[in-house]
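Heads up, run23.cif below (mmCIF, C-alpha atoms):
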data_work
loop_
_atom_site.label_atom_id
_atom_site.label_comp_id
_atom_site.auth_asym_id
_atom_site.auth_seq_id
_atom_site.Cartn_x
_atom_site.Cartn_y
_atom_site.Cartn_z
CA MET A 299 16.97 28.86 -58.10
CA ALA A 300 15.13 32.18 -58.13
CA VAL A 301 12.79 30.84 -55.44
CA LEU A 302 15.68 30.01 -53.12
CA LEU A 303 17.10 33.51 -53.50
CA GLN A 304 13.73 35.26 -53.55
CA ASP A 305 14.54 37.97 -50.99
CA LEU A 306 17.94 38.79 -52.51
CA PRO A 307 18.64 41.16 -55.45
CA VAL A 308 20.34 38.34 -57.42
CA ALA A 309 17.03 36.45 -57.76
CA LYS A 310 16.14 38.34 -60.95
CA LEU A 311 19.51 37.40 -62.44
CA PHE A 312 18.86 33.67 -62.11
CA ALA A 313 15.24 34.06 -63.23
CA ASP A 314 16.38 35.85 -66.40
CA PHE A 315 19.04 33.20 -67.05
CA SER A 316 16.61 30.29 -66.68
CA GLU A 317 14.07 32.03 -68.95
CA PHE A 318 16.77 32.58 -71.56
CA VAL A 319 17.61 28.86 -71.50
CA PHE A 320 13.89 28.01 -71.73
CA TYR A 321 13.66 30.12 -74.88
CA ALA A 322 16.81 28.49 -76.30
CA HIS A 323 15.18 25.04 -75.89
CA TYR A 324 12.18 25.94 -78.08
CA LYS A 325 11.45 23.53 -80.94
CA SER A 326 10.42 26.37 -83.25
CA HIS A 327 10.90 30.10 -83.09
CA THR A 328 9.23 33.27 -84.29
CA GLN A 329 10.72 36.74 -84.47
CA ALA A 330 8.86 37.56 -81.23
CA THR A 331 10.36 34.63 -79.28
CA LEU A 332 13.84 35.42 -80.59
CA ALA A 333 13.44 39.06 -79.60
CA SER A 334 12.31 38.14 -76.08
CA MET A 335 15.19 35.62 -75.80
CA GLU A 336 17.70 38.35 -76.65
CA GLN A 337 15.93 40.77 -74.28
CA LYS A 338 16.24 38.25 -71.42
CA LEU A 339 19.93 37.83 -72.21
CA SER A 340 20.60 41.57 -72.13
CA ASP A 341 18.70 41.84 -68.81
CA PHE A 342 20.76 38.95 -67.44
CA ARG A 343 24.05 40.55 -68.51
CA GLU A 344 23.05 43.85 -66.89
CA GLN A 345 22.23 42.05 -63.65
CA VAL A 346 25.58 40.24 -63.74
CA GLN A 347 27.40 43.55 -64.16
CA LEU A 348 25.42 45.00 -61.25
CA HIS A 349 25.69 42.22 -58.69
CA LEU A 350 28.04 39.35 -59.47
CA PHE A 351 30.81 40.85 -61.62
CA ARG A 352 33.08 41.88 -58.75
CA PHE A 353 32.76 38.50 -57.01
CA ALA A 354 33.57 36.33 -60.04
CA LYS A 355 37.01 34.80 -60.53
CA THR A 356 36.79 34.65 -64.33
CA ASP A 357 35.42 38.20 -65.04
CA PHE A 358 32.81 36.55 -67.31
CA THR A 359 35.08 36.81 -70.34
CA THR A 360 34.95 33.10 -71.20
CA PRO A 361 34.06 31.98 -74.75
CA LYS A 362 30.95 30.16 -73.51
CA TYR A 363 29.64 33.32 -71.87
CA HIS A 364 30.41 35.29 -75.03
CA MET A 365 28.66 32.73 -77.26
CA LEU A 366 25.29 33.38 -75.58
CA GLN A 367 24.85 36.56 -77.62
CA HIS A 368 25.14 34.61 -80.91
CA TYR A 369 22.30 32.18 -80.14
CA GLY A 370 19.74 34.30 -82.01
CA ALA A 371 21.96 34.40 -85.11
CA PHE A 372 22.50 30.63 -84.93
CA VAL A 373 18.75 30.00 -84.72
CA ARG A 374 18.15 32.29 -87.73
CA LYS A 375 20.84 30.47 -89.72
CA PHE A 376 20.42 26.79 -88.75
CA GLY A 377 16.97 26.53 -87.12
CA SER A 378 16.17 25.31 -83.60
CA LEU A 379 19.14 24.64 -81.36
CA LEU A 380 17.71 21.22 -80.46
CA ASN A 381 18.96 20.06 -83.89
CA GLY A 382 22.54 20.26 -82.64
CA ASP A 383 21.97 18.91 -79.15
CA THR A 384 24.22 15.98 -78.21
CA GLU A 385 22.61 15.15 -74.89
CA VAL A 386 20.86 11.97 -76.07
CA PRO A 387 23.81 10.26 -77.88
CA GLU A 388 26.12 11.26 -75.01
CA ARG A 389 24.39 8.63 -72.90
CA LEU A 390 26.09 5.98 -75.09
CA HIS A 391 29.55 7.09 -73.92
CA VAL A 392 29.05 4.90 -70.84
CA ASN A 393 29.07 1.68 -72.90
CA LEU A 394 32.27 2.67 -74.72
CA LYS A 395 34.06 3.67 -71.52
CA ALA A 396 33.11 0.35 -69.91
CA ALA A 397 34.37 -1.53 -72.99
CA TYR A 398 37.70 0.34 -72.91
CA LYS A 399 38.21 -0.69 -69.29
CA ARG A 400 37.97 -4.35 -70.33
CA THR A 401 40.79 -4.06 -72.92
CA ASN A 402 44.52 -4.50 -72.21
CA LYS A 403 44.96 -0.82 -73.32
CA LYS A 404 48.01 -1.70 -75.42
CA ASP A 405 47.68 -3.38 -78.81
CA ASP A 406 44.56 -3.22 -81.02
CA TRP A 407 42.41 -1.87 -78.21
CA THR A 408 39.80 -0.61 -80.69
CA GLY A 409 39.37 -4.13 -82.08
CA GLN A 410 39.10 -5.53 -78.56
CA MET A 411 36.42 -2.95 -77.74
CA ALA A 412 34.45 -3.81 -80.87
CA ARG A 413 34.59 -7.56 -80.16
CA ASN A 414 33.62 -6.98 -76.54
CA LEU A 415 30.61 -4.84 -77.44
CA ASP A 416 29.55 -7.39 -80.10
CA GLU A 417 29.59 -10.19 -77.51
CA ILE A 418 27.56 -8.13 -75.06
CA PHE A 419 24.93 -7.26 -77.70
CA LEU A 420 24.70 -10.97 -78.68
CA VAL A 421 24.12 -12.01 -75.06
CA GLU A 422 21.46 -9.34 -74.59
CA MET B 62 44.12 24.35 -94.96
CA ASN B 63 42.79 27.87 -94.42
CA LEU B 64 39.22 27.41 -93.18
CA SER B 65 38.61 31.05 -92.27
CA ARG B 66 39.48 32.20 -95.79
CA SER B 67 37.20 29.66 -97.40
CA TYR B 68 34.44 30.41 -94.88
CA SER B 69 34.34 34.05 -95.89
CA LYS B 70 33.98 33.08 -99.56
CA ARG B 71 31.52 30.22 -99.31
CA ASN B 72 28.02 30.53 -97.88
CA GLU B 73 24.73 28.68 -97.82
CA PHE B 74 23.97 29.75 -101.37
CA ASP B 75 27.11 27.99 -102.56
CA ILE B 76 26.08 24.78 -100.80
CA ALA B 77 22.59 24.87 -102.32
CA LEU B 78 24.08 25.62 -105.74
CA ARG B 79 26.50 22.69 -105.52
CA ILE B 80 23.79 20.26 -104.43
CA ALA B 81 21.53 21.47 -107.26
CA ARG B 82 24.36 21.15 -109.80
CA PHE B 83 25.17 17.67 -108.50
CA GLU B 84 21.58 16.53 -108.86
CA ALA B 85 21.30 18.11 -112.31
CA GLN B 86 24.08 15.92 -113.70
CA PRO B 87 22.58 13.60 -116.35
CA THR B 88 24.42 10.38 -115.51
CA PHE B 89 25.83 8.70 -112.43
CA GLN B 90 29.33 8.84 -113.94
CA SER B 91 29.16 12.60 -114.39
CA GLN B 92 27.94 12.96 -110.79
CA ILE B 93 31.07 11.13 -109.59
CA ARG B 94 33.23 13.33 -111.85
CA TYR B 95 31.61 16.47 -110.44
CA SER B 96 32.18 15.38 -106.81
CA GLU B 97 35.82 14.59 -107.69
CA GLU B 98 36.19 18.15 -109.03
CA LEU B 99 34.82 19.56 -105.76
CA LYS B 100 37.47 17.66 -103.79
CA THR B 101 40.21 19.74 -105.42
CA VAL B 102 38.92 22.97 -103.80
CA LYS B 103 41.32 24.04 -101.05
CA GLY B 104 39.99 24.03 -97.49
CA HIS B 105 37.01 21.79 -98.12
CA LEU B 106 36.45 18.35 -96.60
CA PRO B 107 34.51 15.34 -97.93
CA ILE B 108 31.13 15.21 -96.16
CA LYS B 109 28.37 12.66 -96.68
CA ILE B 110 24.79 13.97 -96.89
CA GLY B 111 22.36 11.07 -97.26
CA PHE B 112 24.13 8.61 -99.54
CA THR B 113 26.01 11.28 -101.49
CA ASP B 114 29.56 12.51 -101.01
CA PHE B 115 30.06 16.26 -101.10
CA CYS B 116 33.10 18.36 -100.55
CA LEU B 117 32.02 21.24 -98.34
CA ASN B 118 33.25 23.57 -95.68
CA PRO B 119 32.37 21.93 -92.31
CA LEU B 120 31.73 25.33 -90.69
CA ASP B 121 28.83 25.85 -93.10
CA VAL B 122 27.26 22.48 -92.47
CA TYR B 123 27.65 21.44 -88.85
CA ILE B 124 25.78 23.05 -85.96
CA PRO B 125 27.72 23.42 -82.72
CA ASP B 126 26.12 22.01 -79.58
CA LEU B 127 25.15 25.31 -77.96
CA LEU B 128 22.69 23.99 -75.41
CA HIS B 129 25.43 22.40 -73.31
CA GLN B 130 27.27 25.69 -72.91
CA PRO B 131 24.91 27.56 -70.56
CA LYS B 132 24.65 24.49 -68.36
CA LYS B 133 28.27 23.49 -67.96
CA GLY B 134 30.18 26.65 -68.81
CA VAL B 135 28.16 29.65 -67.71
CA PHE B 136 26.20 28.27 -64.78
CA ALA B 137 29.36 26.90 -63.12
CA ASN B 138 30.85 30.41 -63.12
CA LEU B 139 27.58 31.90 -61.87
CA LEU B 140 27.42 29.44 -58.99
CA ALA B 141 31.02 30.15 -57.96
CA ALA B 142 30.37 33.90 -58.09
CA LEU B 143 27.14 33.45 -56.10
CA GLU B 144 29.06 31.64 -53.36
CA GLN B 145 31.48 34.58 -53.06
CA TYR B 146 28.53 37.00 -53.09
CA LEU B 147 26.80 35.12 -50.25
CA ILE B 148 30.02 34.91 -48.21
CA HIS B 149 30.50 38.66 -48.65
CA GLY B 150 26.94 39.38 -47.47
CA LYS B 151 27.12 36.78 -44.62
CA LEU B 152 24.12 34.99 -46.10
CA LEU B 153 25.76 31.66 -46.97
CA SER B 154 24.45 29.57 -44.06
CA ARG B 155 20.91 30.87 -44.53
CA ILE B 156 20.81 29.97 -48.22
CA GLU B 157 22.54 26.61 -47.61
CA ASN B 158 19.84 25.68 -45.11
CA ARG B 159 17.20 26.51 -47.70
CA MET B 160 18.99 24.34 -50.29
CA ALA B 161 19.12 21.38 -47.90
CA VAL B 162 15.40 21.44 -47.09
CA MET B 163 14.20 21.98 -50.66
CA PRO B 164 11.63 19.23 -51.37
CA ARG B 165 11.57 16.95 -54.36
CA PHE B 166 8.49 18.22 -56.16
CA ALA B 167 9.03 16.92 -59.69
CA GLN B 168 9.67 13.40 -60.91
CA SER B 169 13.05 14.13 -62.51
CA LEU B 170 14.20 16.76 -60.04
CA GLU B 171 17.04 15.63 -57.81
CA ARG B 172 16.98 16.37 -54.10
CA PHE B 173 20.32 17.68 -52.87
CA GLY B 174 20.99 16.62 -49.29
CA ILE B 175 24.02 18.87 -48.91
CA SER B 176 24.82 22.38 -50.01
CA TRP B 177 25.27 22.90 -53.75
CA PHE B 178 28.59 24.62 -53.18
CA LYS B 179 30.03 21.51 -51.49
CA LEU B 180 29.28 19.07 -54.31
CA LYS B 181 32.49 17.40 -55.53
CA LYS B 182 31.40 16.70 -59.08
CA VAL B 183 28.51 18.55 -60.72
CA THR B 184 27.11 17.09 -63.94
CA ALA B 185 25.03 18.86 -66.58
CA SER B 186 21.86 17.18 -65.27
CA ASN B 187 22.64 18.52 -61.79
CA TYR B 188 22.80 22.03 -63.20
CA THR B 189 19.52 21.40 -65.00
CA ASP B 190 17.92 20.41 -61.72
CA MET B 191 19.34 23.46 -59.98
CA VAL B 192 17.96 25.95 -62.46
CA ILE B 193 14.92 23.70 -63.13
CA ILE B 194 15.40 23.70 -66.89
CA HIS B 195 13.49 21.08 -68.85
#
Written as structure tokens, that's how I'd like the structure from this file.
Amino acid sequence: MAVLLQDLPVAKLFADFSEFVFYAHYKSHTQATLASMEQKLSDFREQVQLHLFRFAKTDFTTPKYHMLQHYGAFVRKFGSLLNGDTEVPERLHVNLKAAYKRTNKKDDWTGQMARNLDEIFLVE
Amino acid sequence: MNLSRSYSKRNEFDIALRIARFEAQPTFQSQIRYSEELKTVKGHLPIKIGFTDFCLNPLDVYIPDLLHQPKKGVFANLLAALEQYLIHGKLLSRIENRMAVMPRFAQSLERFGISWFKLKKVTASNYTDMVIIH
């Protein structure tokens, strides 16, 4: 992203954001990595105020944008953020959605889904 | 159920203390009695850790999925604001051309044939590819 926008002033903004997310994905942290993660976030927020704030529709007051500043505290309290990541089990939503499509969507659709998934697992 | 009130009172020390007290019970029967006592505390829910039932505040135990938020929540807003920024500076076509010719240089990196701003549905993995976060 920063490469595409390399000759524009917003390039640093996206570089800071991607580095912040890189730090957030660390498996283990030290005080130094947490400090640099928070430094990248403050740089990113400054850049947003400078360049993108007046063009945004949402004014960057959303809860998700606000939550970024609590990442350091969450890591200090619970450990690495990868512990709470739901990206891997989310892949299994596809099977459940497909099973729901095969029900009559009226009576005992949960039972129908369970039977359907059982049959599929037996065939496989 | 007033979770905020109980959250201010209970902390990690309380959880550790309860688990230690539970394990210090001499018999299995007294362990069950102790967990039944915990269930009477207002604002606490039964939670299973390992094979043991505890009655704890969920806000103290569960970690929210924070890694999804910068991808889906923040980056979507950034991309929309960037589009307006490029339109304002009359740079949109130049950047869109760059996006279209960007090569596929990593195994998992998706190649976007059209402009990123014209995508109908953008998933979290698309955002990952855009920022190149792995």
Explicit residue set for the PyMOL selection byres ((chain B) within 6 of (chain A)), as a list in words:
Ile124, Asp126, Gln130, Gly134, Val135, Ala142, Gln145, Tyr146 and Val192 of chain B
Provide the atom CA of B:Gln86 to atom CA of B:Thr101 distance in Å, to one decimal place.
18.5 Å
What does the distance between atom CA of B:Ser176 and atom CA of B:Leu153 come to in Å, to one decimal place?
9.8 Å
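The closest residue to B:Leu180, picked from B:Ala141, B:Leu78, B:Ile93, B:Ile156 and counting only C-alpha atoms, is B:Ala141.
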Straight-line distance linking atom CA of B:Pro125 with atom CA of B:Met191, stated in Å to one decimal:
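Atom CA of B:Pro125 sits 24.2 Å away from atom CA of B:Met191.
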Give me the result of the PyMOL selection byres ((chain A and resi 338) around 8) on this file, residue by residue, as a ChimeraX atom specification.
/A:314-315,317-318,334-337,339-342
Written selection (C-alpha atoms) as an mmCIF file, in the coordinates of the input:
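Written file, selection.cif:
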data_model
loop_
_atom_site.group_PDB
_atom_site.id
_atom_site.type_symbol
_atom_site.label_atom_id
_atom_site.label_comp_id
_atom_site.auth_asym_id
_atom_site.auth_seq_id
_atom_site.Cartn_x
_atom_site.Cartn_y
_atom_site.Cartn_z
ATOM 1 C CA ASP A 314 16.380 35.850 -66.400
ATOM 2 C CA PHE A 315 19.040 33.200 -67.050
ATOM 3 C CA GLU A 317 14.070 32.030 -68.950
ATOM 4 C CA PHE A 318 16.770 32.580 -71.560
ATOM 5 C CA SER A 334 12.310 38.140 -76.080
ATOM 6 C CA MET A 335 15.190 35.620 -75.800
ATOM 7 C CA GLU A 336 17.700 38.350 -76.650
ATOM 8 C CA GLN A 337 15.930 40.770 -74.280
ATOM 9 C CA LEU A 339 19.930 37.830 -72.210
ATOM 10 C CA SER A 340 20.600 41.570 -72.130
ATOM 11 C CA ASP A 341 18.700 41.840 -68.810
ATOM 12 C CA PHE A 342 20.760 38.950 -67.440
#
Counting only C-alpha atoms, the residue of A:Lys403, A:Lys310, A:Ala397, A:Gln329 that sits nearest A:Asp416:
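Answer, going by the shortest atom-to-atom distance: A:Ala397.
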